[in-house]
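Worksheet: the structure to be examined is printed underneath.
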Amino acid sequence: MELSHSEENYLKAIYSLSAMSDTGDAATNEIADRVQTKPPSVVDMLKKLATKKLVTYEKYKRVQLTSQGKKVAIQVVRKHRLWETFLFEKLQFNWDEVHEVAEQLEHIHSEKLIERLDQFLGHPVYDPHGDPIPSANGEIKTAKRYKLSEIEAGTTCQVVGVNDSSSDFLMYLQQLSVGIGTKIKVLERIAFDHSLMVSFKKGHQTVVSKKFADNVLVT
């Protein structure tokens, strides 16, 4: 089935929102925020996707991907994360630059190219932001991850991903020399504003906000 870039973006957005929902679905307003458009435009697209049997849509109800819609969305996610890995590891793009370029490359439909890319990269399991890369058959390897804000004082953990992949946040992490694999020790949990006193390097201590700690994922 040949889909437009916009249709693929919607499916990817619904997939991402559904993964964060306890009910495995997404609301029209949530989709509108994710794809940065107005709800009436979302409704028009959902009707089109429903006609193609990629989503289940009823007026005033939350949206779910069909099995075929989920399959398409996972493949778009797979391409996006493989391209991010390629840009970061092989072309030395910065952490905060890869997402925007991968947004364009994810719509390439050549399966042969994507399989060659996966092979060239050594079949990576995670992308530069720590997100799992689906396999060719749609399987996703997941590991238990925690927000830094959930870690108790006295515990040392390792950064494995981020919740916020915006350029501003990723650039802030770079300024702190924090990336995938960085070890962080939580020295103190500050009750007043729920900020944390942490150590990124031996002898280097700093205070990070709760917003920061909520967006850093660790094991």
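Chain lettering (A, B, ...) mirrors the order of the structure tokens, residue numbering begins at 1 for each chain separately, and ligand numbering begins at 1 in order of display.
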Neighbour list for range 53-68 of chain A as a list in words, cut-off 9 Å, only C-alpha atoms, skip fewer than 6 positions in-chain: Leu11, Ile14, Tyr15, Ser18, Gly24, Asp25, Ala26, Ala27, Thr28, Val43, Leu46 and Lys47 of chain A
Excluding Lys201 in chain A and residues on its chain fewer than 2 positions from it, collect all residues at most 12 Å away from it, counting only C-alpha atoms, and give them as a short mmCIF file (atom, residue, chain, number, x, y, z; two decimals) with C-alpha atoms, in the first residue's frame.
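Output file part05.cif follows:
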```cif
data_model
loop_
_atom_site.label_atom_id
_atom_site.label_comp_id
_atom_site.auth_asym_id
_atom_site.auth_seq_id
_atom_site.Cartn_x
_atom_site.Cartn_y
_atom_site.Cartn_z
CA THR A 156 24.45 5.11 40.80
CA LEU A 176 26.61 18.86 30.79
CA SER A 177 28.55 16.12 28.92
CA VAL A 178 25.65 13.72 29.48
CA THR A 182 26.86 8.33 31.19
CA LYS A 183 26.89 7.22 34.82
CA ILE A 184 25.04 9.44 37.29
CA LYS A 185 25.08 9.15 41.06
CA VAL A 186 22.12 10.63 42.92
CA VAL A 198 23.83 14.55 41.38
CA SER A 199 27.37 13.71 40.33
CA GLY A 203 34.31 15.21 42.19
CA HIS A 204 31.82 17.17 40.04
CA GLN A 205 28.44 17.83 41.67
CA THR A 206 25.47 19.80 40.39
#
```
Once DSSP has gone over the backbone, tell me which residues of chain A are in alpha helix (DSSP H), as a PyMOL selection string. chain A and resi 5-19+28-35+39-51+67-89+98-105+111-120+167-175+210-215
Counting only C-alpha atoms, which of A:Leu82, A:Asn29, A:Ile140, A:Gly181 gets nearest to Gly122 in chain A?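 Checking each of A:Leu82, A:Asn29, A:Ile140, A:Gly181 against Gly122 in chain A, counting only C-alpha atoms, the winner is A:Leu82.
One finds CA of Gln92 in chain A at 26.3 Å from CA of His5 in chain A.
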Would you please give, as a ChimeraX atom specification, all residues of range 4-217 of chain A that DSSP assigns to strand (DSSP E or B) based on the backbone? /A:26,55-56,63-65,126,132,146-147,156-162,183-189,196-201,204-208,216-217
Just N, CA and C atoms for this one: save the residues we selected as a tab-separated table (two decimals), in the first residue's frame.
```
chain	number	residue	atom	x	y	z
A	26	ALA	N	-5.42	6.81	21.17
A	26	ALA	CA	-5.04	8.23	21.19
A	26	ALA	C	-6.25	9.11	20.93
A	55	VAL	N	-6.73	2.55	10.70
A	55	VAL	CA	-7.15	2.93	12.05
A	55	VAL	C	-8.63	2.60	12.22
A	56	THR	N	-9.04	2.48	13.49
A	56	THR	CA	-10.47	2.40	13.79
A	56	THR	C	-10.89	3.76	14.32
A	63	VAL	N	-8.84	6.93	19.09
A	63	VAL	CA	-8.44	6.24	17.87
A	63	VAL	C	-7.47	5.11	18.18
A	64	GLN	N	-7.63	4.00	17.49
A	64	GLN	CA	-6.69	2.89	17.61
A	64	GLN	C	-6.17	2.50	16.23
A	65	LEU	N	-4.92	2.04	16.20
A	65	LEU	CA	-4.38	1.49	14.97
A	65	LEU	C	-4.93	0.08	14.76
A	126	TYR	N	19.32	-0.17	19.74
A	126	TYR	CA	18.85	1.12	20.23
A	126	TYR	C	19.41	2.25	19.37
A	132	PRO	N	14.34	1.87	21.46
A	132	PRO	CA	14.54	0.58	20.79
A	132	PRO	C	14.24	0.65	19.30
A	146	TYR	N	13.92	3.65	34.01
A	146	TYR	CA	13.36	4.50	35.05
A	146	TYR	C	13.69	5.96	34.75
A	147	LYS	N	12.84	6.85	35.22
A	147	LYS	CA	13.18	8.27	35.18
A	147	LYS	C	14.24	8.52	36.24
A	156	THR	N	23.79	4.77	42.06
A	156	THR	CA	24.45	5.11	40.80
A	156	THR	C	23.70	4.42	39.66
A	157	CYS	N	23.39	5.15	38.62
A	157	CYS	CA	22.64	4.61	37.49
A	157	CYS	C	23.33	5.02	36.19
A	158	GLN	N	22.81	4.51	35.07
A	158	GLN	CA	23.41	4.78	33.76
A	158	GLN	C	22.35	5.29	32.81
A	159	VAL	N	22.66	6.34	32.07
A	159	VAL	CA	21.71	6.93	31.12
A	159	VAL	C	21.51	5.99	29.92
A	160	VAL	N	20.24	5.68	29.64
A	160	VAL	CA	19.92	4.81	28.50
A	160	VAL	C	18.96	5.46	27.50
A	161	GLY	N	18.47	6.65	27.81
A	161	GLY	CA	17.54	7.29	26.88
A	161	GLY	C	17.01	8.59	27.43
A	162	VAL	N	16.14	9.22	26.66
A	162	VAL	CA	15.51	10.48	27.07
A	162	VAL	C	14.03	10.45	26.70
A	183	LYS	N	27.28	7.66	33.49
A	183	LYS	CA	26.89	7.22	34.82
A	183	LYS	C	26.59	8.43	35.70
A	184	ILE	N	25.47	8.35	36.41
A	184	ILE	CA	25.04	9.44	37.29
A	184	ILE	C	24.80	8.88	38.68
A	185	LYS	N	25.35	9.53	39.67
A	185	LYS	CA	25.08	9.15	41.06
A	185	LYS	C	24.16	10.20	41.68
A	186	VAL	N	23.05	9.74	42.23
A	186	VAL	CA	22.12	10.63	42.92
A	186	VAL	C	22.62	10.80	44.35
A	187	LEU	N	23.02	12.01	44.68
A	187	LEU	CA	23.60	12.28	45.99
A	187	LEU	C	22.54	12.68	47.02
A	188	GLU	N	21.54	13.45	46.53
A	188	GLU	CA	20.53	13.94	47.48
A	188	GLU	C	19.25	14.28	46.72
A	189	ARG	N	18.11	13.95	47.31
A	189	ARG	CA	16.81	14.35	46.78
A	189	ARG	C	16.33	15.54	47.61
A	196	LEU	N	17.36	17.37	42.28
A	196	LEU	CA	18.32	16.37	42.73
A	196	LEU	C	19.73	16.93	42.73
A	197	MET	N	20.48	16.58	43.76
A	197	MET	CA	21.92	16.83	43.74
A	197	MET	C	22.55	15.57	43.17
A	198	VAL	N	23.27	15.72	42.05
A	198	VAL	CA	23.83	14.55	41.38
A	198	VAL	C	25.31	14.77	41.08
A	199	SER	N	25.97	13.66	40.75
A	199	SER	CA	27.37	13.71	40.33
A	199	SER	C	27.48	13.00	38.99
A	200	PHE	N	27.95	13.72	37.97
A	200	PHE	CA	28.18	13.13	36.66
A	200	PHE	C	29.59	12.58	36.54
A	201	LYS	N	30.51	13.22	37.20
A	201	LYS	CA	31.92	12.83	37.15
A	201	LYS	C	32.46	12.84	38.57
A	204	HIS	N	32.62	16.10	40.62
A	204	HIS	CA	31.82	17.17	40.04
A	204	HIS	C	30.36	16.98	40.43
A	205	GLN	N	29.81	17.92	41.20
A	205	GLN	CA	28.44	17.83	41.67
A	205	GLN	C	27.62	18.98	41.11
A	206	THR	N	26.35	18.74	40.87
A	206	THR	CA	25.47	19.80	40.39
A	206	THR	C	24.04	19.47	40.78
A	207	VAL	N	23.18	20.48	40.77
A	207	VAL	CA	21.76	20.28	41.06
A	207	VAL	C	21.00	20.33	39.75
A	208	VAL	N	20.13	19.35	39.54
A	208	VAL	CA	19.30	19.33	38.34
A	208	VAL	C	17.83	19.41	38.75
A	216	VAL	N	15.24	12.27	31.76
A	216	VAL	CA	16.42	11.42	31.58
A	216	VAL	C	16.05	10.00	32.03
A	217	LEU	N	16.24	9.03	31.15
A	217	LEU	CA	15.90	7.64	31.45
A	217	LEU	C	17.17	6.85	31.80
```
Between CA of Lys144 in chain A and CA of Leu105 in chain A lies a distance of 29.2 Å
Nearest to His194 in chain A by atom-to-atom distance, counting only C-alpha atoms, from A:Val72, A:Leu148, A:Leu173, A:Val98: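 Between A:Val72, A:Leu148, A:Leu173, A:Val98, the residue approaching His194 in chain A most closely is A:Leu148.
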Could you check how far CA of Glu8 in chain A sits from CA of Glu100 in chain A, in Å to one decimal? 15.5 Å
Can you pull out the residues contacting Asn9 in chain A? Cut-off 9 Å, using only C-alpha atoms, and skip same-chain residues under 2 positions away; I want them as a count of residues only. 12
